file final11.pdb (PDB, C-alpha atoms)
ATOM      1  CA  MET A   1      16.813   9.181  -0.634
ATOM      2  CA  HIS A   2      17.098   8.356   3.068
ATOM      3  CA  PHE A   3      15.143  10.795   5.230
ATOM      4  CA  ILE A   4      16.913   9.405   8.283
ATOM      5  CA  SER A   5      20.247   7.593   8.464
ATOM      6  CA  GLU A   6      20.467   3.930   7.531
ATOM      7  CA  GLU A   7      21.849   3.242  11.004
ATOM      8  CA  LEU A   8      18.758   4.756  12.602
ATOM      9  CA  GLU A   9      16.492   2.886  10.170
ATOM     10  CA  ASN A  10      18.188  -0.347  11.216
ATOM     11  CA  TYR A  11      17.744   0.522  14.890
ATOM     12  CA  ILE A  12      14.034   1.204  14.303
ATOM     13  CA  ALA A  13      13.594  -2.158  12.553
ATOM     14  CA  GLN A  14      15.467  -3.962  15.318
ATOM     15  CA  HIS A  15      13.173  -2.456  17.931
ATOM     16  CA  SER A  16       9.945  -3.204  16.093
ATOM     17  CA  ALA A  17       8.113  -6.521  15.776
ATOM     18  CA  ALA A  18      10.131  -9.164  13.964
ATOM     19  CA  GLU A  19       9.517  -9.859  10.285
ATOM     20  CA  PRO A  20       7.599 -13.173   9.960
ATOM     21  CA  ASP A  21       9.515 -16.034   8.349
ATOM     22  CA  LEU A  22       7.236 -16.221   5.302
ATOM     23  CA  LEU A  23       7.738 -12.521   4.604
ATOM     24  CA  GLN A  24      11.493 -12.915   4.981
ATOM     25  CA  GLN A  25      11.336 -15.579   2.271
ATOM     26  CA  LEU A  26       9.214 -13.349   0.029
ATOM     27  CA  ASN A  27      11.556 -10.419   0.599
ATOM     28  CA  LYS A  28      14.559 -12.521  -0.397
ATOM     29  CA  GLU A  29      12.910 -13.981  -3.505
ATOM     30  CA  THR A  30      11.727 -10.559  -4.645
ATOM     31  CA  TYR A  31      15.264  -9.198  -4.489
ATOM     32  CA  GLN A  32      16.596 -12.251  -6.323
ATOM     33  CA  LYS A  33      14.055 -12.480  -9.128
ATOM     34  CA  VAL A  34      12.048  -9.257  -9.647
ATOM     35  CA  LEU A  35      12.960  -5.918 -11.147
ATOM     36  CA  GLN A  36      12.825  -2.844  -8.903
ATOM     37  CA  PRO A  37      12.786  -4.725  -5.562
ATOM     38  CA  ARG A  38      12.842  -1.353  -3.792
ATOM     39  CA  MET A  39       9.090  -1.275  -4.477
ATOM     40  CA  LEU A  40       8.664  -3.927  -1.773
ATOM     41  CA  SER A  41       7.178  -2.567   1.454
ATOM     42  CA  GLY A  42       9.820  -4.308   3.556
ATOM     43  CA  HIS A  43      10.162  -5.164   7.224
ATOM     44  CA  PHE A  44       9.429  -1.876   9.021
ATOM     45  CA  GLN A  45       6.705  -0.532   6.751
ATOM     46  CA  GLY A  46       5.216  -4.009   6.620
ATOM     47  CA  ARG A  47       4.940  -4.061  10.404
ATOM     48  CA  VAL A  48       3.300  -0.627  10.272
ATOM     49  CA  LEU A  49       0.730  -1.930   7.783
ATOM     50  CA  SER A  50       0.131  -4.990   9.947
ATOM     51  CA  MET A  51      -0.353  -2.892  13.069
ATOM     52  CA  LEU A  52      -2.752  -0.478  11.360
ATOM     53  CA  SER A  53      -4.775  -3.373   9.967
ATOM     54  CA  LYS A  54      -4.980  -5.002  13.398
ATOM     55  CA  ILE A  55      -6.180  -1.719  14.915
ATOM     56  CA  ILE A  56      -8.799  -1.223  12.187
ATOM     57  CA  TYR A  57      -9.814  -4.930  12.201
ATOM     58  CA  PRO A  58     -11.239  -4.646   8.674
ATOM     59  CA  LEU A  59     -13.871  -6.738   6.982
ATOM     60  CA  ASN A  60     -12.984  -5.578   3.469
ATOM     61  CA  VAL A  61      -9.555  -4.382   2.341
ATOM     62  CA  LEU A  62      -8.621  -3.033  -1.091
ATOM     63  CA  GLU A  63      -5.029  -2.896  -2.272
ATOM     64  CA  ILE A  64      -4.177  -1.032  -5.476
ATOM     65  CA  GLY A  65      -0.771  -2.299  -6.534
ATOM     66  CA  THR A  66       0.073  -5.819  -5.336
ATOM     67  CA  TYR A  67       3.650  -6.121  -6.614
ATOM     68  CA  THR A  68       4.835  -9.445  -5.094
ATOM     69  CA  GLY A  69       2.222  -9.472  -2.324
ATOM     70  CA  TYR A  70       4.290  -8.462   0.707
ATOM     71  CA  ALA A  71       1.971  -5.659   1.844
ATOM     72  CA  THR A  72      -1.044  -7.842   1.063
ATOM     73  CA  LEU A  73       0.088 -10.433   3.560
ATOM     74  CA  CYS A  74       0.901  -7.782   6.149
ATOM     75  CA  MET A  75      -2.597  -6.293   5.981
ATOM     76  CA  ALA A  76      -4.155  -9.767   5.990
ATOM     77  CA  GLU A  77      -2.837 -10.201   9.523
ATOM     78  CA  GLY A  78      -5.512  -7.810  10.805
ATOM     79  CA  LEU A  79      -8.509  -9.183   8.890
ATOM     80  CA  LYS A  80     -11.670 -10.284  10.601
ATOM     81  CA  PRO A  81     -12.134 -14.089  10.357
ATOM     82  CA  ASN A  82     -14.615 -13.591   7.509
ATOM     83  CA  GLY A  83     -12.718 -10.653   6.010
ATOM     84  CA  THR A  84     -11.244 -10.414   2.526
ATOM     85  CA  ILE A  85      -8.585  -8.503   0.640
ATOM     86  CA  ASP A  86      -9.067  -7.588  -3.006
ATOM     87  CA  THR A  87      -5.628  -6.842  -4.404
ATOM     88  CA  ILE A  88      -5.070  -5.533  -7.921
ATOM     89  CA  ASP A  89      -1.969  -5.330 -10.093
ATOM     90  CA  ILE A  90      -1.668  -4.692 -13.809
ATOM     91  CA  ASN A  91       1.567  -6.685 -14.143
ATOM     92  CA  GLU A  92       0.778 -10.348 -14.710
ATOM     93  CA  GLU A  93       4.491 -11.231 -14.636
ATOM     94  CA  VAL A  94       4.523 -11.150 -10.823
ATOM     95  CA  ALA A  95       1.266 -13.070 -10.389
ATOM     96  CA  ASP A  96       3.005 -16.416  -9.888
ATOM     97  CA  ILE A  97       5.125 -15.122  -7.008
ATOM     98  CA  GLN A  98       2.052 -13.504  -5.448
ATOM     99  CA  GLN A  99       0.089 -16.736  -5.667
ATOM    100  CA  LYS A 100       2.982 -18.820  -4.364
ATOM    101  CA  TYR A 101       3.200 -16.858  -1.134
ATOM    102  CA  PHE A 102      -0.530 -16.331  -0.752
ATOM    103  CA  ASN A 103      -0.927 -20.118  -0.921
ATOM    104  CA  LYS A 104       1.817 -20.602   1.679
ATOM    105  CA  SER A 105       0.068 -18.244   4.087
ATOM    106  CA  THR A 106      -2.908 -18.878   6.342
ATOM    107  CA  TYR A 107      -4.866 -16.197   4.456
ATOM    108  CA  SER A 108      -5.033 -17.823   1.024
ATOM    109  CA  GLN A 109      -8.833 -18.191   1.138
ATOM    110  CA  GLN A 110      -9.260 -14.531   2.092
ATOM    111  CA  ILE A 111      -7.188 -12.982  -0.691
ATOM    112  CA  ASN A 112      -8.820 -12.187  -4.029
ATOM    113  CA  GLN A 113      -6.139 -11.670  -6.654
ATOM    114  CA  HIS A 114      -6.980  -9.440  -9.651
ATOM    115  CA  ILE A 115      -4.797  -8.793 -12.692
ATOM    116  CA  GLY A 116      -5.702  -5.777 -14.803
ATOM    117  CA  ASN A 117      -6.563  -2.088 -14.707
ATOM    118  CA  ALA A 118      -7.660  -1.080 -11.213
ATOM    119  CA  LEU A 119      -9.819   1.750 -12.546
ATOM    120  CA  THR A 120     -12.018  -0.764 -14.350
ATOM    121  CA  ILE A 121     -11.832  -3.573 -11.772
ATOM    122  CA  ILE A 122     -12.728  -1.586  -8.622
ATOM    123  CA  PRO A 123     -16.267  -0.634  -9.752
ATOM    124  CA  THR A 124     -17.035  -4.332 -10.309
ATOM    125  CA  LEU A 125     -16.210  -5.371  -6.719
ATOM    126  CA  ASN A 126     -19.493  -4.098  -5.222
ATOM    127  CA  LYS A 127     -18.034  -3.635  -1.736
ATOM    128  CA  LYS A 128     -17.568  -0.974   0.897
ATOM    129  CA  PHE A 129     -14.074  -0.888   2.350
ATOM    130  CA  ASP A 130     -12.600  -0.371   5.809
ATOM    131  CA  LEU A 131      -8.992  -0.151   4.635
ATOM    132  CA  VAL A 132      -7.490   0.821   1.284
ATOM    133  CA  PHE A 133      -3.807   0.881   0.349
ATOM    134  CA  ILE A 134      -2.871   2.904  -2.745
ATOM    135  CA  ASP A 135       0.569   1.876  -3.999
ATOM    136  CA  ALA A 136       0.452   1.747  -7.792
ATOM    137  CA  ASP A 137       1.288   4.033 -10.730
ATOM    138  CA  LYS A 138       1.597   7.570  -9.425
ATOM    139  CA  GLU A 139       0.039   9.124 -12.524
ATOM    140  CA  ASN A 140      -3.326   7.653 -11.494
ATOM    141  CA  TYR A 141      -3.216   8.466  -7.770
ATOM    142  CA  ILE A 142      -5.829  11.209  -8.085
ATOM    143  CA  ASN A 143      -8.058   8.923 -10.153
ATOM    144  CA  TYR A 144      -7.721   6.154  -7.568
ATOM    145  CA  TRP A 145      -8.486   8.578  -4.750
ATOM    146  CA  ASN A 146     -11.632   9.918  -6.386
ATOM    147  CA  LEU A 147     -12.781   6.373  -7.088
ATOM    148  CA  VAL A 148     -12.246   4.863  -3.636
ATOM    149  CA  VAL A 149     -13.336   7.622  -1.243
ATOM    150  CA  PRO A 150     -17.057   7.073  -2.018
ATOM    151  CA  LEU A 151     -16.550   3.337  -1.459
ATOM    152  CA  MET A 152     -15.252   3.748   2.103
ATOM    153  CA  ASN A 153     -17.143   2.996   5.275
ATOM    154  CA  LYS A 154     -17.278   5.837   7.766
ATOM    155  CA  GLY A 155     -14.111   5.774   9.845
ATOM    156  CA  GLY A 156     -12.314   3.761   7.187
ATOM    157  CA  ILE A 157      -8.652   4.373   6.483
ATOM    158  CA  ILE A 158      -6.970   5.100   3.155
ATOM    159  CA  LEU A 159      -3.200   4.659   3.050
ATOM    160  CA  SER A 160      -1.260   6.270   0.197
ATOM    161  CA  ASP A 161       2.359   5.242  -0.335
ATOM    162  CA  ASN A 162       5.382   7.028  -1.842
ATOM    163  CA  VAL A 163       3.918  10.486  -1.294
ATOM    164  CA  LEU A 164       7.345  12.053  -0.631
ATOM    165  CA  TRP A 165       8.735  10.501  -3.812
ATOM    166  CA  SER A 166      12.375  10.361  -2.708
ATOM    167  CA  GLY A 167      12.205  14.019  -1.718
ATOM    168  CA  LYS A 168      11.272  15.184  -5.220
ATOM    169  CA  VAL A 169       8.210  16.932  -3.775
ATOM    170  CA  LEU A 170      10.628  19.562  -2.394
ATOM    171  CA  GLU A 171      12.765  19.934  -5.508
ATOM    172  CA  GLU A 172      12.233  22.142  -8.518
ATOM    173  CA  LEU A 173       9.808  20.333 -10.795
ATOM    174  CA  LYS A 174      11.550  19.001 -13.881
ATOM    175  CA  LYS A 175       9.977  19.259 -17.301
ATOM    176  CA  ASN A 176       7.945  16.174 -18.230
ATOM    177  CA  ASP A 177       8.131  14.768 -14.674
ATOM    178  CA  LYS A 178       4.478  13.828 -14.610
ATOM    179  CA  ALA A 179       4.709  11.521 -11.578
ATOM    180  CA  THR A 180       6.056  14.241  -9.295
ATOM    181  CA  GLN A 181       3.543  16.767 -10.627
ATOM    182  CA  ILE A 182       0.665  14.401  -9.919
ATOM    183  CA  LEU A 183       1.956  13.631  -6.423
ATOM    184  CA  LEU A 184       2.208  17.336  -5.621
ATOM    185  CA  GLU A 185      -1.398  17.767  -6.734
ATOM    186  CA  PHE A 186      -2.440  14.594  -4.918
ATOM    187  CA  ASN A 187      -0.900  15.612  -1.599
ATOM    188  CA  LYS A 188      -2.667  18.973  -1.766
ATOM    189  CA  LEU A 189      -5.969  17.363  -2.769
ATOM    190  CA  VAL A 190      -5.907  14.808   0.038
ATOM    191  CA  ASN A 191      -4.979  17.345   2.700
ATOM    192  CA  ASN A 192      -7.802  19.669   1.626
ATOM    193  CA  ASP A 193     -10.478  17.021   1.005
ATOM    194  CA  PRO A 194     -13.311  17.733   3.481
ATOM    195  CA  ARG A 195     -14.357  14.079   3.431
ATOM    196  CA  VAL A 196     -11.245  12.970   5.313
ATOM    197  CA  GLU A 197      -8.738  13.957   7.958
ATOM    198  CA  THR A 198      -5.145  13.296   7.013
ATOM    199  CA  VAL A 199      -1.662  12.980   8.428
ATOM    200  CA  LEU A 200       1.438  12.419   6.294
ATOM    201  CA  LEU A 201       3.979  10.178   8.003
ATOM    202  CA  PRO A 202       7.693  10.205   7.043
ATOM    203  CA  ILE A 203       7.816   6.408   6.887
ATOM    204  CA  ARG A 204      10.180   5.179   4.167
ATOM    205  CA  ASP A 205       9.118   7.155   1.063
ATOM    206  CA  GLY A 206       6.150   8.827   2.766
ATOM    207  CA  LEU A 207       2.886   7.234   3.878
ATOM    208  CA  THR A 208      -0.311   9.278   4.112
ATOM    209  CA  VAL A 209      -3.010   8.088   6.506
ATOM    210  CA  SER A 210      -6.474   9.454   5.743
ATOM    211  CA  ARG A 211      -9.510   8.734   7.914
ATOM    212  CA  VAL A 212     -12.916   9.011   6.262
ATOM    213  CA  LEU A 213     -15.304  11.265   8.178
TER
END
call {"tool": "encode", "arguments": {"input": "final11.pdb", "output": "structure tokens"}}
result
Amino acid sequence: MHFISEELENYIAQHSAAEPDLLQQLNKETYQKVLQPRMLSGHFQGRVLSMLSKIIYPLNVLEIGTYTGYATLCMAEGLKPNGTIDTIDINEEVADIQQKYFNKSTYSQQINQHIGNALTIIPTLNKKFDLVFIDADKENYINYWNLVVPLMNKGGIILSDNVLWSGKVLEELKKNDKATQILLEFNKLVNNDPRVETVLLPIRDGLTVSRVL
């Protein structure tokens, strides 16, 4: 579902910072070789992630849902010189593409790649985070939220992707549509959580920005 016209989306991309060459290569390879390439953050959202990371200037970043590593590399652009990103994905089939592009980047020594269940990996990291990006299985969004909020530094930012879910959040809920049900509950939870202040941005499929108080 396009919330604005494709023509306007193209205009927005053309009048935003250019997509770096390495990310263009990763974008192309993802569409050629990986199932569901729509999951890729892409040029415009990637530049949004880069800009937010540069504003926050994080020491520790957590990404839940690596996919092929596009968003990882975007957020790495804003890291402090001694900063790190811990990025987690349960799908080991995309690990080689992730590693290929991480190694090509200037951030390879700052990216910690984890394969497995984020709910079990996150408690082992023993870090406080300045920036978190939640972009994994929607059924666990509430679980991820409840796990990461206590791990945030004051003023830290949590980004939650796909919160408009192709407009399904406005449609009549279909039987057995667990993902949409969870997202409806998640959006309400985040907006009413007294530990954060939140704004939901209509970027691509919906991106919530929550600042920890």
call {"tool": "closest_residue", "arguments": {"input": "final11.pdb", "among": "A:Glu63, A:Glu77, A:Asp205, A:Glu92", "to": "A:Ile158", "atoms": "only C-alpha atoms"}}
result
A:Glu63
call {"tool": "closest_atom_pairs", "arguments": {"input": "final11.pdb", "of": "stretch 64-105 of chain A", "to": "stretch 160-182 of chain A", "cutoff": "12 Å", "atoms": "only C-alpha atoms", "output": "JSON lines"}}
result
{"residue": "A:Ile64", "atom": "CA", "partner": "A:Ser160", "partner_atom": "CA", "distance": 9.7}
{"residue": "A:Gly65", "atom": "CA", "partner": "A:Asp161", "partner_atom": "CA", "distance": 10.3}
{"residue": "A:Ala71", "atom": "CA", "partner": "A:Asp161", "partner_atom": "CA", "distance": 11.1}
call {"tool": "resolve_selection", "arguments": {"input": "final11.pdb", "expression": "the PyMOL selection byres ((chain A and resi 106) around 12)", "output": "list in words"}}
result
Leu22, Leu73, Cys74, Ala76, Glu77, Leu79, Pro81, Tyr101, Phe102, Asn103, Lys104, Ser105, Tyr107, Ser108, Gln109, Gln110 and Ile111 of chain A
call {"tool": "residues_around", "arguments": {"input": "final11.pdb", "residues": "stretch 114-121 of chain A", "least_positions_apart": "5", "cutoff": "10 Å", "atoms": "all atoms listed in the file", "output": "PyMOL selection string"}}
result
chain A and resi 63-66+86-95+136+140+143-144+147-148
call {"tool": "residues_around", "arguments": {"input": "final11.pdb", "residues": "A:Ser53", "least_positions_apart": "5", "cutoff": "12 Å", "atoms": "all atoms listed in the file", "output": "list in words"}}
result
Gly46, Arg47, Val48, Pro58, Leu59, Asn60, Val61, Leu62, Ala71, Thr72, Leu73, Cys74, Met75, Ala76, Glu77, Gly78, Leu79, Lys80, Gly83, Ile85, Asp130, Leu131, Val132, Phe133, Gly156, Ile157, Ile158 and Leu159 of chain A
call {"tool": "closest_residue", "arguments": {"input": "final11.pdb", "among": "A:Asp21, A:Asp135, A:Glu7, A:Asp96", "to": "A:Leu40", "atoms": "all atoms listed in the file"}}
result
A:Asp135
call {"tool": "build_atoms", "arguments": {"input": "final11.pdb", "residues": "stretch 41-70 of chain A", "atoms": "N, CA and C atoms", "output": "PDB file, keeping the file's coordinate frame"}}
result
ATOM      1  N   SER A  41       7.413  -3.323   0.227  1.00  0.00           N
ATOM      2  CA  SER A  41       7.178  -2.567   1.454  1.00  0.00           C
ATOM      3  C   SER A  41       8.287  -2.786   2.474  1.00  0.00           C
ATOM      4  N   GLY A  42       8.716  -4.023   2.654  1.00  0.00           N
ATOM      5  CA  GLY A  42       9.820  -4.308   3.556  1.00  0.00           C
ATOM      6  C   GLY A  42       9.413  -4.432   5.009  1.00  0.00           C
ATOM      7  N   HIS A  43      10.399  -4.798   5.835  1.00  0.00           N
ATOM      8  CA  HIS A  43      10.162  -5.164   7.224  1.00  0.00           C
ATOM      9  C   HIS A  43       9.426  -4.082   8.012  1.00  0.00           C
ATOM     10  N   PHE A  44      10.009  -2.887   8.132  1.00  0.00           N
ATOM     11  CA  PHE A  44       9.429  -1.876   9.021  1.00  0.00           C
ATOM     12  C   PHE A  44       8.073  -1.392   8.521  1.00  0.00           C
ATOM     13  N   GLN A  45       8.000  -0.994   7.257  1.00  0.00           N
ATOM     14  CA  GLN A  45       6.705  -0.532   6.751  1.00  0.00           C
ATOM     15  C   GLN A  45       5.675  -1.656   6.781  1.00  0.00           C
ATOM     16  N   GLY A  46       6.127  -2.874   6.534  1.00  0.00           N
ATOM     17  CA  GLY A  46       5.216  -4.009   6.620  1.00  0.00           C
ATOM     18  C   GLY A  46       4.620  -4.172   8.001  1.00  0.00           C
ATOM     19  N   ARG A  47       5.449  -3.972   9.034  1.00  0.00           N
ATOM     20  CA  ARG A  47       4.940  -4.061  10.404  1.00  0.00           C
ATOM     21  C   ARG A  47       3.995  -2.898  10.714  1.00  0.00           C
ATOM     22  N   VAL A  48       4.241  -1.749  10.116  1.00  0.00           N
ATOM     23  CA  VAL A  48       3.300  -0.627  10.272  1.00  0.00           C
ATOM     24  C   VAL A  48       1.954  -0.979   9.652  1.00  0.00           C
ATOM     25  N   LEU A  49       1.976  -1.532   8.449  1.00  0.00           N
ATOM     26  CA  LEU A  49       0.730  -1.930   7.783  1.00  0.00           C
ATOM     27  C   LEU A  49      -0.009  -2.993   8.593  1.00  0.00           C
ATOM     28  N   SER A  50       0.731  -3.946   9.126  1.00  0.00           N
ATOM     29  CA  SER A  50       0.131  -4.990   9.947  1.00  0.00           C
ATOM     30  C   SER A  50      -0.534  -4.392  11.183  1.00  0.00           C
ATOM     31  N   MET A  51       0.179  -3.497  11.858  1.00  0.00           N
ATOM     32  CA  MET A  51      -0.353  -2.892  13.069  1.00  0.00           C
ATOM     33  C   MET A  51      -1.613  -2.070  12.785  1.00  0.00           C
ATOM     34  N   LEU A  52      -1.580  -1.279  11.707  1.00  0.00           N
ATOM     35  CA  LEU A  52      -2.752  -0.478  11.360  1.00  0.00           C
ATOM     36  C   LEU A  52      -3.946  -1.374  11.030  1.00  0.00           C
ATOM     37  N   SER A  53      -3.690  -2.453  10.311  1.00  0.00           N
ATOM     38  CA  SER A  53      -4.775  -3.373   9.967  1.00  0.00           C
ATOM     39  C   SER A  53      -5.355  -4.027  11.215  1.00  0.00           C
ATOM     40  N   LYS A  54      -4.492  -4.396  12.156  1.00  0.00           N
ATOM     41  CA  LYS A  54      -4.980  -5.002  13.398  1.00  0.00           C
ATOM     42  C   LYS A  54      -5.800  -4.020  14.218  1.00  0.00           C
ATOM     43  N   ILE A  55      -5.417  -2.751  14.199  1.00  0.00           N
ATOM     44  CA  ILE A  55      -6.180  -1.719  14.915  1.00  0.00           C
ATOM     45  C   ILE A  55      -7.548  -1.513  14.260  1.00  0.00           C
ATOM     46  N   ILE A  56      -7.550  -1.463  12.931  1.00  0.00           N
ATOM     47  CA  ILE A  56      -8.799  -1.223  12.187  1.00  0.00           C
ATOM     48  C   ILE A  56      -9.691  -2.455  12.230  1.00  0.00           C
ATOM     49  N   TYR A  57      -9.097  -3.653  12.211  1.00  0.00           N
ATOM     50  CA  TYR A  57      -9.814  -4.930  12.201  1.00  0.00           C
ATOM     51  C   TYR A  57     -10.832  -4.960  11.050  1.00  0.00           C
ATOM     52  N   PRO A  58     -10.345  -4.845   9.812  1.00  0.00           N
ATOM     53  CA  PRO A  58     -11.239  -4.646   8.674  1.00  0.00           C
ATOM     54  C   PRO A  58     -11.970  -5.907   8.223  1.00  0.00           C
ATOM     55  N   LEU A  59     -13.140  -5.668   7.660  1.00  0.00           N
ATOM     56  CA  LEU A  59     -13.871  -6.738   6.982  1.00  0.00           C
ATOM     57  C   LEU A  59     -13.447  -6.805   5.524  1.00  0.00           C
ATOM     58  N   ASN A  60     -13.354  -5.633   4.879  1.00  0.00           N
ATOM     59  CA  ASN A  60     -12.984  -5.578   3.469  1.00  0.00           C
ATOM     60  C   ASN A  60     -11.798  -4.634   3.274  1.00  0.00           C
ATOM     61  N   VAL A  61     -10.755  -5.149   2.645  1.00  0.00           N
ATOM     62  CA  VAL A  61      -9.555  -4.382   2.341  1.00  0.00           C
ATOM     63  C   VAL A  61      -9.383  -4.336   0.824  1.00  0.00           C
ATOM     64  N   LEU A  62      -8.948  -3.189   0.326  1.00  0.00           N
ATOM     65  CA  LEU A  62      -8.621  -3.033  -1.091  1.00  0.00           C
ATOM     66  C   LEU A  62      -7.172  -2.583  -1.193  1.00  0.00           C
ATOM     67  N   GLU A  63      -6.411  -3.293  -2.009  1.00  0.00           N
ATOM     68  CA  GLU A  63      -5.029  -2.896  -2.272  1.00  0.00           C
ATOM     69  C   GLU A  63      -4.871  -2.619  -3.763  1.00  0.00           C
ATOM     70  N   ILE A  64      -4.408  -1.415  -4.086  1.00  0.00           N
ATOM     71  CA  ILE A  64      -4.177  -1.032  -5.476  1.00  0.00           C
ATOM     72  C   ILE A  64      -2.672  -1.049  -5.699  1.00  0.00           C
ATOM     73  N   GLY A  65      -2.199  -2.097  -6.345  1.00  0.00           N
ATOM     74  CA  GLY A  65      -0.771  -2.299  -6.534  1.00  0.00           C
ATOM     75  C   GLY A  65      -0.264  -3.414  -5.644  1.00  0.00           C
ATOM     76  N   THR A  66      -0.309  -4.646  -6.128  1.00  0.00           N
ATOM     77  CA  THR A  66       0.073  -5.819  -5.336  1.00  0.00           C
ATOM     78  C   THR A  66       1.573  -6.029  -5.287  1.00  0.00           C
ATOM     79  N   TYR A  67       2.241  -5.779  -6.409  1.00  0.00           N
ATOM     80  CA  TYR A  67       3.650  -6.121  -6.614  1.00  0.00           C
ATOM     81  C   TYR A  67       3.820  -7.608  -6.285  1.00  0.00           C
ATOM     82  N   THR A  68       4.687  -8.004  -5.368  1.00  0.00           N
ATOM     83  CA  THR A  68       4.835  -9.445  -5.094  1.00  0.00           C
ATOM     84  C   THR A  68       4.004  -9.918  -3.908  1.00  0.00           C
ATOM     85  N   GLY A  69       3.178  -9.041  -3.340  1.00  0.00           N
ATOM     86  CA  GLY A  69       2.222  -9.472  -2.324  1.00  0.00           C
ATOM     87  C   GLY A  69       2.660  -9.299  -0.883  1.00  0.00           C
ATOM     88  N   TYR A  70       3.784  -8.634  -0.658  1.00  0.00           N
ATOM     89  CA  TYR A  70       4.290  -8.462   0.707  1.00  0.00           C
ATOM     90  C   TYR A  70       3.307  -7.663   1.553  1.00  0.00           C
TER      91      TYR A  70
END
